[in-house]
file start.csv (CSV, C-alpha atoms and all ligand atoms)
chain,number,residue,atom,x,y,z
A,279,MET,CA,-2.9,7.3,-13.8
A,280,PRO,CA,-1.6,7.6,-10.2
A,281,THR,CA,-3.7,5.8,-7.5
A,282,PRO,CA,-5.6,8.2,-5.3
A,283,ILE,CA,-4.9,7.3,-1.7
A,284,ILE,CA,-5.5,8.5,1.8
A,285,LEU,CA,-2.7,7.5,4.2
A,286,ASP,CA,-3.6,6.9,7.8
A,287,CYS,CA,-0.6,6.7,10.1
A,288,ASP,CA,1.0,7.0,13.5
A,289,PRO,CA,4.6,8.4,12.9
A,290,GLY,CA,6.5,6.5,14.0
A,291,THR,CA,9.9,5.8,12.5
A,292,ASP,CA,8.7,3.4,9.8
A,293,ASP,CA,5.7,5.5,9.1
A,294,ALA,CA,8.2,8.2,8.2
A,295,PHE,CA,9.6,6.0,5.5
A,296,ALA,CA,6.1,5.2,4.2
A,297,LEU,CA,5.0,8.9,4.2
A,298,LEU,CA,8.1,10.1,2.4
A,299,LEU,CA,8.0,7.2,-0.1
A,300,ALA,CA,4.4,8.1,-1.0
A,301,ILE,CA,5.3,11.8,-1.5
A,302,ALA,CA,8.3,10.8,-3.6
A,303,SER,CA,6.2,8.7,-6.0
A,304,PRO,CA,3.6,11.0,-7.8
A,305,GLU,CA,3.6,8.8,-10.9
A,306,GLU,CA,2.0,6.0,-9.0
A,307,ILE,CA,0.4,7.7,-6.0
A,308,ASP,CA,-1.9,10.7,-5.7
A,309,LEU,CA,-1.7,11.4,-2.0
A,310,LEU,CA,-5.1,13.1,-1.3
A,311,ALA,CA,-4.7,13.4,2.5
A,312,VAL,CA,-2.7,12.2,5.5
A,313,THR,CA,-4.7,11.3,8.6
A,314,VAL,CA,-3.1,10.7,12.0
A,315,ALA,CA,-3.9,8.6,15.0
A,316,GLY,CA,-2.3,7.9,18.3
A,317,GLY,CA,-0.3,4.7,18.1
A,318,ASN,CA,3.4,4.3,18.4
A,319,VAL,CA,3.3,7.4,20.6
A,320,GLY,CA,0.4,9.7,21.6
A,321,LEU,CA,-1.4,11.9,19.0
A,322,ASP,CA,0.2,14.9,20.6
A,323,SER,CA,3.5,13.6,19.0
A,324,THR,CA,2.3,11.6,16.0
A,325,LEU,CA,0.5,14.7,14.6
A,326,PRO,CA,3.4,17.1,14.8
A,327,ASN,CA,5.7,14.3,13.5
A,328,ALA,CA,3.5,13.9,10.4
A,329,LEU,CA,3.3,17.7,9.9
A,330,ALA,CA,7.1,18.0,10.2
A,331,LEU,CA,7.7,15.1,7.7
A,332,VAL,CA,5.3,16.6,5.2
A,333,ALA,CA,7.0,20.0,5.5
A,334,LEU,CA,10.5,18.4,5.2
A,335,ALA,CA,9.4,16.8,2.0
A,336,GLY,CA,8.1,20.1,0.6
A,337,SER,CA,4.6,18.6,0.3
A,338,ALA,CA,1.3,20.5,0.6
A,339,VAL,CA,-0.8,17.5,1.3
A,340,PRO,CA,-3.4,18.2,4.0
A,341,VAL,CA,-2.8,16.5,7.4
A,342,TYR,CA,-5.8,15.8,9.7
A,343,ALA,CA,-5.8,14.9,13.4
A,344,GLY,CA,-7.8,11.8,14.3
A,345,ALA,CA,-8.3,9.4,17.1
A,346,ASP,CA,-6.1,9.6,20.2
A,347,ARG,CA,-7.3,6.2,21.4
A,348,PRO,CA,-8.8,3.0,20.1
A,349,LEU,CA,-12.5,2.3,19.6
A,350,LEU,CA,-12.5,0.3,22.9
A,351,GLY,CA,-10.2,0.5,25.8
A,352,ALA,CA,-7.3,2.8,26.7
A,353,PHE,CA,-4.5,4.1,24.5
A,354,GLU,CA,-1.1,2.3,24.9
A,355,SER,CA,2.0,3.5,23.0
A,356,GLU,CA,5.2,1.7,21.9
A,357,VAL,CA,8.0,4.0,22.9
A,358,ARG,CA,10.5,1.2,23.2
A,359,VAL,CA,10.9,1.1,19.4
A,360,HIS,CA,10.1,4.7,18.4
A,361,GLY,CA,11.3,6.7,21.3
A,362,GLU,CA,9.4,9.1,23.5
A,363,ASP,CA,8.8,11.5,20.6
A,364,GLY,CA,8.1,8.8,18.0
A,365,LEU,CA,11.0,9.7,15.7
A,366,GLY,CA,13.9,8.3,17.9
A,367,GLY,CA,14.7,11.7,19.3
A,368,VAL,CA,15.6,13.1,15.9
A,369,VAL,CA,14.3,16.7,15.9
A,370,LEU,CA,12.9,18.0,12.6
A,371,PRO,CA,12.0,21.6,11.8
A,372,PRO,CA,8.3,22.0,12.9
A,373,GLY,CA,5.8,21.7,10.1
A,374,GLY,CA,2.7,23.8,9.5
A,375,PRO,CA,-0.7,23.6,11.2
A,376,ALA,CA,-3.0,20.6,10.8
A,377,THR,CA,-5.8,21.1,8.3
A,378,PRO,CA,-9.0,21.9,10.3
A,379,GLY,CA,-11.3,19.0,10.6
A,380,ILE,CA,-11.5,15.5,12.1
A,381,ALA,CA,-9.7,12.6,10.3
A,382,ALA,CA,-12.8,10.4,10.0
A,383,ASP,CA,-14.8,13.3,8.6
A,384,ALA,CA,-12.1,14.1,6.1
A,385,ILE,CA,-11.8,10.5,5.0
A,386,ARG,CA,-15.6,10.4,4.4
A,387,ARG,CA,-15.7,13.7,2.5
A,388,ILE,CA,-12.7,13.0,0.3
A,389,VAL,CA,-13.9,9.5,-0.6
A,390,ARG,CA,-17.5,10.7,-1.1
A,391,GLU,CA,-16.3,13.5,-3.5
A,392,SER,CA,-13.5,11.7,-5.3
A,393,PRO,CA,-14.2,11.2,-9.1
A,394,ALA,CA,-12.2,8.0,-8.9
A,395,PRO,CA,-12.3,5.1,-6.4
A,396,VAL,CA,-9.9,5.8,-3.5
A,397,THR,CA,-7.4,3.4,-1.9
A,398,LEU,CA,-7.3,3.6,1.9
A,399,VAL,CA,-3.9,2.9,3.3
A,400,GLY,CA,-3.5,2.2,7.0
A,401,ILE,CA,-0.2,1.8,8.7
A,402,GLY,CA,-1.2,2.4,12.3
A,403,PRO,CA,-4.2,1.5,14.5
A,404,ALA,CA,-7.3,1.2,12.3
A,405,THR,CA,-9.4,3.6,14.3
A,406,ASN,CA,-9.7,6.5,11.9
A,407,LEU,CA,-10.5,4.3,8.9
A,408,ALA,CA,-13.0,2.3,10.9
A,409,LEU,CA,-14.7,5.4,12.2
A,410,ALA,CA,-15.1,6.7,8.7
A,411,ILE,CA,-16.7,3.5,7.5
A,412,MET,CA,-18.9,3.0,10.5
A,413,THR,CA,-20.3,6.5,10.4
A,414,GLU,CA,-20.9,6.5,6.6
A,415,PRO,CA,-20.8,3.0,5.1
A,416,ALA,CA,-22.0,4.4,1.7
A,417,ILE,CA,-18.5,5.6,1.0
A,418,LEU,CA,-17.4,2.0,0.5
A,419,SER,CA,-18.9,2.1,-3.0
A,420,ASN,CA,-16.0,4.5,-3.8
A,421,VAL,CA,-13.2,2.7,-2.0
A,422,ASP,CA,-11.2,0.6,-4.4
A,423,GLN,CA,-9.2,-1.4,-1.8
A,424,ILE,CA,-7.8,-1.1,1.7
A,425,VAL,CA,-4.0,-1.7,2.1
A,426,LEU,CA,-2.8,-2.3,5.6
A,427,MET,CA,0.4,-3.0,7.4
A,428,THR,CA,-1.2,-5.0,10.2
A,429,GLY,CA,-1.4,-8.4,11.8
A,430,ALA,CA,0.6,-11.6,11.7
A,431,TRP,CA,-0.2,-15.2,10.9
A,432,ALA,CA,2.4,-16.5,13.3
A,433,GLU,CA,3.8,-14.7,16.4
A,434,GLY,CA,3.1,-11.1,17.3
A,435,ASN,CA,5.5,-8.3,18.2
A,436,ARG,CA,3.4,-6.5,20.8
A,437,THR,CA,2.3,-9.7,22.5
A,438,PRO,CA,3.1,-13.3,21.6
A,439,ALA,CA,-0.2,-13.4,19.7
A,440,ALA,CA,-0.7,-9.9,18.3
A,441,GLU,CA,1.1,-7.4,16.0
A,442,PHE,CA,1.1,-3.9,17.3
A,443,ASN,CA,-1.4,-2.2,14.9
A,444,ALA,CA,-3.9,-5.0,15.2
A,445,TRP,CA,-3.4,-5.2,19.0
A,446,SER,CA,-3.9,-1.4,19.3
A,447,ASP,CA,-7.4,-1.4,17.9
A,448,PRO,CA,-8.6,-5.0,17.2
A,449,GLU,CA,-12.2,-3.8,16.8
A,450,GLY,CA,-11.2,-1.2,14.3
A,451,LEU,CA,-9.3,-3.8,12.3
A,452,ALA,CA,-12.3,-6.1,12.5
A,453,VAL,CA,-14.5,-3.4,11.0
A,454,LEU,CA,-12.1,-3.1,8.0
A,455,LEU,CA,-11.9,-6.9,7.5
A,456,SER,CA,-15.7,-7.2,7.4
A,457,CYS,CA,-16.5,-4.1,5.3
A,458,GLY,CA,-16.7,-5.9,2.0
A,459,ARG,CA,-13.9,-4.2,0.2
A,460,PRO,CA,-10.7,-6.2,-0.4
A,461,VAL,CA,-8.1,-5.8,2.3
A,462,VAL,CA,-4.4,-6.1,1.3
A,463,MET,CA,-2.4,-7.2,4.4
A,464,ALA,CA,1.3,-6.7,4.9
A,465,THR,CA,1.8,-8.8,8.0
A,466,LEU,CA,4.9,-9.2,10.1
A,467,GLU,CA,5.9,-12.2,8.1
A,468,LEU,CA,6.1,-10.0,5.0
A,469,THR,CA,7.7,-7.0,6.7
A,470,ALA,CA,10.5,-9.3,8.1
A,471,GLN,CA,11.6,-9.5,4.5
A,472,ALA,CA,12.1,-5.7,4.5
A,473,LEU,CA,14.8,-6.0,7.1
A,474,CYS,CA,16.9,-2.8,7.3
A,475,THR,CA,20.4,-4.1,8.2
A,476,PRO,CA,23.2,-1.7,9.1
A,477,ALA,CA,24.6,-2.3,5.5
A,478,HIS,CA,21.2,-1.3,4.0
A,479,LEU,CA,21.2,1.8,6.1
A,480,ALA,CA,24.7,2.7,5.1
A,481,ALA,CA,23.9,2.2,1.4
A,482,LEU,CA,20.8,4.3,1.8
A,483,ARG,CA,22.6,7.1,3.5
A,484,GLY,CA,25.2,7.0,0.7
A,485,ALA,CA,22.6,7.4,-1.9
A,486,GLY,CA,22.6,11.2,-1.5
A,487,ASN,CA,22.9,14.0,1.0
A,488,ARG,CA,19.5,15.6,0.7
A,489,ARG,CA,17.8,16.6,3.9
A,490,CYS,CA,15.0,14.0,3.7
A,491,LEU,CA,17.3,11.1,3.0
A,492,GLN,CA,19.7,12.1,5.8
A,493,ALA,CA,16.8,12.7,8.3
A,494,ILE,CA,15.2,9.3,7.5
A,495,CYS,CA,18.5,7.6,8.0
A,496,ASP,CA,19.2,9.4,11.2
A,497,ILE,CA,15.7,8.3,12.4
A,498,GLN,CA,16.2,4.7,11.4
A,499,ALA,CA,19.6,4.6,13.0
A,500,THR,CA,17.8,5.1,16.4
A,501,VAL,CA,15.6,2.0,15.9
A,502,PRO,CA,16.8,-1.1,17.9
A,503,LEU,CA,17.7,-4.2,15.9
A,504,SER,CA,14.9,-6.7,16.2
A,505,ARG,CA,15.5,-9.5,18.8
A,506,ARG,CA,12.7,-11.4,17.1
A,507,LEU,CA,14.8,-11.3,13.9
A,508,ASN,CA,18.1,-12.3,15.6
A,509,GLY,CA,19.3,-8.8,15.8
A,510,ALA,CA,20.2,-8.7,12.1
A,511,GLY,CA,18.3,-5.5,11.4
A,512,ALA,CA,15.0,-3.6,12.0
A,513,PRO,CA,12.1,-4.4,9.7
A,514,LEU,CA,10.7,-1.5,7.7
A,515,HIS,CA,7.1,-2.4,8.2
A,516,ASP,CA,5.0,0.5,6.9
A,517,PRO,CA,6.8,1.4,3.6
A,518,CYS,CA,5.8,-2.1,2.4
A,519,ALA,CA,2.2,-1.0,2.1
A,520,ILE,CA,3.2,1.9,-0.1
A,521,ALA,CA,5.8,-0.1,-2.1
A,522,TYR,CA,2.9,-2.5,-3.0
A,523,LEU,CA,1.1,0.3,-4.7
A,524,ILE,CA,4.2,1.6,-6.5
A,525,ARG,CA,5.7,-1.7,-7.6
A,526,PRO,CA,3.4,-4.6,-7.0
A,527,ASN,CA,5.6,-7.0,-8.9
A,528,LEU,CA,8.0,-6.9,-5.9
A,529,PHE,CA,5.4,-9.0,-4.1
A,530,THR,CA,3.7,-12.4,-4.3
A,531,THR,CA,0.2,-12.7,-2.9
A,532,ARG,CA,-2.3,-15.2,-1.6
A,533,ALA,CA,-6.1,-14.7,-1.4
A,534,CYS,CA,-7.5,-15.9,1.9
A,535,SER,CA,-9.7,-15.1,4.8
A,536,ALA,CA,-8.8,-13.4,8.1
A,537,GLU,CA,-10.6,-12.5,11.2
A,538,MET,CA,-9.8,-11.0,14.6
A,539,ASP,CA,-9.6,-12.4,18.1
A,540,LEU,CA,-11.6,-9.8,20.1
A,541,GLY,CA,-11.7,-11.6,23.3
A,542,PRO,CA,-10.3,-10.3,26.6
A,543,GLY,CA,-7.6,-12.9,27.0
A,544,PRO,CA,-3.9,-13.2,26.1
A,545,SER,CA,-4.7,-13.7,22.4
A,546,ARG,CA,-6.7,-10.4,22.1
A,547,GLY,CA,-5.7,-8.6,18.9
A,548,ARG,CA,-4.5,-11.7,17.1
A,549,SER,CA,-5.2,-11.8,13.4
A,550,LEU,CA,-6.3,-15.3,12.5
A,551,VAL,CA,-5.2,-15.6,8.9
A,552,ASP,CA,-6.6,-18.7,7.2
A,553,ARG,CA,-3.8,-19.3,4.7
A,554,TRP,CA,-5.0,-22.9,4.0
A,555,ASP,CA,-8.7,-22.3,3.8
A,556,ARG,CA,-9.4,-24.4,6.8
A,557,THR,CA,-12.5,-22.4,7.8
A,558,GLY,CA,-14.1,-22.2,4.3
A,559,ARG,CA,-14.7,-18.5,5.0
A,560,ALA,CA,-15.0,-16.1,2.0
A,561,HIS,CA,-11.7,-14.6,1.0
A,562,ASN,CA,-11.7,-11.0,2.4
A,563,VAL,CA,-7.9,-10.6,2.3
A,564,ILE,CA,-5.1,-10.4,-0.2
A,565,LEU,CA,-2.1,-11.5,1.9
A,566,LEU,CA,1.3,-10.2,0.8
A,567,GLU,CA,3.5,-13.3,1.1
A,568,THR,CA,6.9,-12.6,-0.3
A,569,LEU,CA,9.0,-9.5,-1.1
A,570,ASP,CA,11.9,-9.0,-3.4
A,571,SER,CA,14.0,-7.4,-0.6
A,572,ASP,CA,16.8,-6.1,-2.9
A,573,GLY,CA,14.2,-4.6,-5.2
A,574,PHE,CA,12.5,-3.0,-2.2
A,575,PHE,CA,15.6,-1.3,-1.0
A,576,ASP,CA,16.5,-0.2,-4.5
A,577,LEU,CA,13.1,1.4,-4.7
A,578,LEU,CA,13.6,3.3,-1.5
A,579,ALA,CA,17.0,4.7,-2.7
A,580,GLU,CA,15.6,5.5,-6.2
A,581,ARG,CA,12.7,7.5,-4.7
A,582,PHE,CA,14.3,9.1,-1.6
A,583,VAL,CA,17.0,10.9,-3.7
A,584,ARG,CA,14.1,12.7,-5.4
A,585,LEU,CA,13.1,14.4,-2.2
A,586,PRO,CA,14.5,17.8,-1.0
B,1,LIG,O1,4.0,-3.7,14.1
B,1,LIG,C1,4.5,-2.7,13.3
B,1,LIG,C2,3.6,-1.6,13.2
B,1,LIG,O2,3.3,-1.0,14.5
B,1,LIG,C3,4.1,-0.4,12.3
B,1,LIG,O3,3.0,0.3,11.7
B,1,LIG,C4,4.8,0.5,13.4
B,1,LIG,O4,4.8,1.8,12.9
B,1,LIG,C5,3.8,0.3,14.5
B,1,LIG,O5,2.8,1.3,14.3
B,2,CA,CA,2.9,2.7,12.0

call {"tool": "encode", "arguments": {"input": "start.csv", "output": "structure tokens", "more": "lines below"}}
Ligand code: RIB
Ligand code: CA
result
Amino acid sequence: MPTPIILDCDPGTDDAFALLLAIASPEEIDLLAVTVAGGNVGLDSTLPNALALVALAGSAVPVYAGADRPLLGAFESEVRVHGEDGLGGVVLPPGGPATPGIAADAIRRIVRESPAPVTLVGIGPATNLALAIMTEPAILSNVDQIVLMTGAWAEGNRTPAAEFNAWSDPEGLAVLLSCGRPVVMATLELTAQALCTPAHLAALRGAGNRRCLQAICDIQATVPLSRRLNGAGAPLHDPCAIAYLIRPNLFTTRACSAEMDLGPGPSRGRSLVDRWDRTGRAHNVILLETLDSDGFFDLLAERFVRLP
């Protein structure tokens, strides 16, 4: 049976990969809803981006608008990676209207009413998922697990200490880490193994000439090669969270604990991942440690050629 999920995102070039991969994988994923937050760029761009991607893939999944800022503090985007519009300037045909309603309300309703436990997937700031849980904690009894692209146990990519999603709403992530449901974390150290090199991009583009595949390759071609990873490629962060649900045997995992630095200083937003049980804290995290990179890119090609 496919896993029922709600995908919360901030498209976002790599969010686009994750969203299309989820839509292309109905055997493993029952995409109940897409919820959108401000993140890589403002909600006034991430929402139309999500709607355009869903339409491009021919999906009827409902898309809900959510938070345009974090739980605390001001919104800050990351246009240096994703461009001013969030998709590297690649213009897609506009999608349809958002489904009426607020993301957090939709998450609460869908989870409350689902006949089977729902997996919450977060690939942007954790605000929408946190708001849903904070305003109706009872839904957690019908949440199977929470799968996040977030955090880092070594250096960050938005600050030396913090990964962008964790940095964007550290209080929101802290809510998820302390909610009592298992949190699967795809950190920067995992996503560095999903490094999209120019050769990978060329191979993906050669897999077919369908509109979704070509659009996603056009989008990825605009992403700067990562200085942090010696300019060898650009990490495909967000689809790692979806790939884990489709093909978990591509990954190895480690149970551990993680908590957030919520202070005002230079380490704010750092995810403190206790890989060696130094704190003795209860294990609240399933850390994704290694990725079969070849298998990951094979999966992308295998699924993206299914899309229109
Ligand atoms: O640090 C990478 C994460 O931040 C990804 O989710 C990317 O889309 C950005 O949101
Ligand atoms: Ca994202």

call {"tool": "closest_residue", "arguments": {"input": "start.csv", "among": "A:Ala394, A:Ala294, A:Cys287, A:Ile401", "to": "Asp346 in chain A", "atoms": "only C-alpha atoms"}}
result
A:Cys287

call {"tool": "closest_residue", "arguments": {"input": "start.csv", "among": "A:Val399, A:Ala485, A:Leu569, A:Ala519", "to": "Gln471 in chain A", "atoms": "all atoms listed in the file"}}
result
A:Leu569

call {"tool": "closest_atom_pairs", "arguments": {"input": "start.csv", "of": "chain A", "to": "ligand LIG 1 (chain B)", "cutoff": "8 Å", "atoms": "only C-alpha atoms and all ligand atoms", "output": "JSON lines"}}
result
{"residue": "A:Cys287", "atom": "CA", "partner": "B:LIG1", "partner_atom": "O3", "distance": 7.5}
{"residue": "A:Asp288", "atom": "CA", "partner": "B:LIG1", "partner_atom": "O5", "distance": 6.0}
{"residue": "A:Pro289", "atom": "CA", "partner": "B:LIG1", "partner_atom": "O4", "distance": 6.6}
{"residue": "A:Gly290", "atom": "CA", "partner": "B:LIG1", "partner_atom": "O4", "distance": 5.1}
{"residue": "A:Thr291", "atom": "CA", "partner": "B:LIG1", "partner_atom": "O4", "distance": 6.5}
{"residue": "A:Asp292", "atom": "CA", "partner": "B:LIG1", "partner_atom": "O4", "distance": 5.2}
{"residue": "A:Asp293", "atom": "CA", "partner": "B:LIG1", "partner_atom": "O4", "distance": 5.4}
{"residue": "A:Gly317", "atom": "CA", "partner": "B:LIG1", "partner_atom": "O5", "distance": 6.0}
{"residue": "A:Asn318", "atom": "CA", "partner": "B:LIG1", "partner_atom": "O5", "distance": 5.1}
{"residue": "A:Glu356", "atom": "CA", "partner": "B:LIG1", "partner_atom": "C5", "distance": 7.7}
{"residue": "A:Ile401", "atom": "CA", "partner": "B:LIG1", "partner_atom": "O3", "distance": 4.6}
{"residue": "A:Gly402", "atom": "CA", "partner": "B:LIG1", "partner_atom": "O5", "distance": 4.6}
{"residue": "A:Pro403", "atom": "CA", "partner": "B:LIG1", "partner_atom": "O5", "distance": 7.0}
{"residue": "A:Met427", "atom": "CA", "partner": "B:LIG1", "partner_atom": "O3", "distance": 6.0}
{"residue": "A:Thr428", "atom": "CA", "partner": "B:LIG1", "partner_atom": "C2", "distance": 6.6}
{"residue": "A:Gly429", "atom": "CA", "partner": "B:LIG1", "partner_atom": "O1", "distance": 7.5}
{"residue": "A:Asn435", "atom": "CA", "partner": "B:LIG1", "partner_atom": "O1", "distance": 6.3}
{"residue": "A:Arg436", "atom": "CA", "partner": "B:LIG1", "partner_atom": "O1", "distance": 7.3}
{"residue": "A:Glu441", "atom": "CA", "partner": "B:LIG1", "partner_atom": "O1", "distance": 5.1}
{"residue": "A:Phe442", "atom": "CA", "partner": "B:LIG1", "partner_atom": "O1", "distance": 4.3}
{"residue": "A:Asn443", "atom": "CA", "partner": "B:LIG1", "partner_atom": "O2", "distance": 4.9}
{"residue": "A:Leu466", "atom": "CA", "partner": "B:LIG1", "partner_atom": "O1", "distance": 6.9}
{"residue": "A:His515", "atom": "CA", "partner": "B:LIG1", "partner_atom": "C3", "distance": 5.5}
{"residue": "A:Asp516", "atom": "CA", "partner": "B:LIG1", "partner_atom": "O3", "distance": 5.2}

call {"tool": "closest_residue", "arguments": {"input": "start.csv", "among": "A:Leu426, A:Ala338, A:Thr377, A:Gly558", "to": "ligand CA 2 (chain B)", "atoms": "only C-alpha atoms and all ligand atoms"}}
result
A:Leu426

call {"tool": "residues_around", "arguments": {"input": "start.csv", "residues": "range 473-478 of chain A", "least_positions_apart": "5", "cutoff": "6 Å", "atoms": "all atoms listed in the file", "output": "list of chain:residue names"}}
result
A:Gly511, A:Ala512, A:Pro513

call {"tool": "residues_near_point", "arguments": {"input": "start.csv", "point": "(15.0, 7.2, 18.6)", "cutoff": "10 Å", "atoms": "all atoms listed in the file", "output": "PyMOL selection string"}}
result
chain A and resi 290-291+357-369+496-502

call {"tool": "atom_distance", "arguments": {"input": "start.csv", "atom1": "CA of Pro393 in chain A", "atom2": "CA of Asn420 in chain A"}}
result
8.7 Å

call {"tool": "atom_distance", "arguments": {"input": "start.csv", "atom1": "CA of Leu329 in chain A", "atom2": "CA of Val396 in chain A"}}
result
22.3 Å

call {"tool": "residues_around", "arguments": {"input": "start.csv", "residues": "Asp308 in chain A", "least_positions_apart": "6", "cutoff": "12 Å", "atoms": "all atoms listed in the file", "output": "JSON, numbers by chain"}}
result
{"A": [279, 280, 281, 282, 283, 284, 285, 299, 300, 301, 302, 337, 339, 392, 394, 395, 396, 397, 398, 520, 523, 524]}

call {"tool": "closest_residue", "arguments": {"input": "start.csv", "among": "A:Leu455, A:Met412, A:Ala381, A:Ala464", "to": "ligand CA 2 (chain B)", "atoms": "only C-alpha atoms and all ligand atoms"}}
result
A:Ala464

call {"tool": "atom_distance", "arguments": {"input": "start.csv", "atom1": "CA of Asp576 in chain A", "atom2": "CA of Val462 in chain A"}}
result
22.5 Å

call {"tool": "closest_residue", "arguments": {"input": "start.csv", "among": "A:Ala481, A:Ala432, A:Leu550, A:Val314", "to": "ligand CA 2 (chain B)", "atoms": "only C-alpha atoms and all ligand atoms"}}
result
A:Val314

call {"tool": "residues_around", "arguments": {"input": "start.csv", "residues": "Leu566 in chain A", "least_positions_apart": "2", "cutoff": "12 Å", "atoms": "all atoms listed in the file", "output": "JSON, numbers by chain"}}
result
{"A": [425, 426, 427, 428, 429, 430, 431, 461, 462, 463, 464, 465, 466, 467, 468, 469, 470, 471, 518, 519, 521, 522, 523, 526, 527, 528, 529, 530, 531, 532, 533, 534, 551, 553, 563, 564, 568, 569, 570]}

call {"tool": "closest_residue", "arguments": {"input": "start.csv", "among": "A:Ala416, A:Ala480, A:Ser549, A:Ala472", "to": "Pro438 in chain A", "atoms": "all atoms listed in the file"}}
result
A:Ser549

call {"tool": "residues_near_point", "arguments": {"input": "start.csv", "point": "(19.5, 17.5, 3.1)", "cutoff": "12 Å", "atoms": "only C-alpha atoms", "output": "number ranges by chain"}}
result
A: 334-336, 370, 483, 485-496, 582-586

call {"tool": "build_atoms", "arguments": {"input": "start.csv", "residues": "range 356-367 of chain A", "atoms": "N, CA and C atoms", "output": "short mmCIF file (atom, residue, chain, number, x, y, z; two decimals), in the frame of the given file"}}
result
data_model
loop_
_atom_site.label_atom_id
_atom_site.label_comp_id
_atom_site.auth_asym_id
_atom_site.auth_seq_id
_atom_site.Cartn_x
_atom_site.Cartn_y
_atom_site.Cartn_z
N GLU A 356 4.10 2.64 22.10
CA GLU A 356 5.20 1.70 21.90
C GLU A 356 6.51 2.47 21.84
N VAL A 357 6.86 3.14 22.92
CA VAL A 357 8.00 4.00 22.90
C VAL A 357 9.34 3.25 22.81
N ARG A 358 9.27 1.94 23.14
CA ARG A 358 10.50 1.20 23.20
C ARG A 358 11.16 1.10 21.78
N VAL A 359 10.35 1.18 20.74
CA VAL A 359 10.90 1.10 19.40
C VAL A 359 11.06 2.48 18.78
N HIS A 360 10.12 3.38 19.07
CA HIS A 360 10.10 4.70 18.40
C HIS A 360 10.58 5.84 19.19
N GLY A 361 10.92 5.58 20.46
CA GLY A 361 11.30 6.70 21.30
C GLY A 361 10.17 7.47 21.84
N GLU A 362 10.44 8.30 22.85
CA GLU A 362 9.40 9.10 23.50
C GLU A 362 8.64 9.98 22.52
N ASP A 363 9.38 10.51 21.56
CA ASP A 363 8.80 11.50 20.60
C ASP A 363 8.30 10.83 19.34
N GLY A 364 8.56 9.56 19.16
CA GLY A 364 8.10 8.80 18.00
C GLY A 364 9.02 8.82 16.81
N LEU A 365 10.06 9.65 16.83
CA LEU A 365 11.00 9.70 15.70
C LEU A 365 12.45 9.44 16.27
N GLY A 366 12.54 8.71 17.35
CA GLY A 366 13.90 8.30 17.90
C GLY A 366 14.65 9.50 18.43
N GLY A 367 13.96 10.58 18.74
CA GLY A 367 14.70 11.70 19.30
C GLY A 367 15.27 12.64 18.22
#
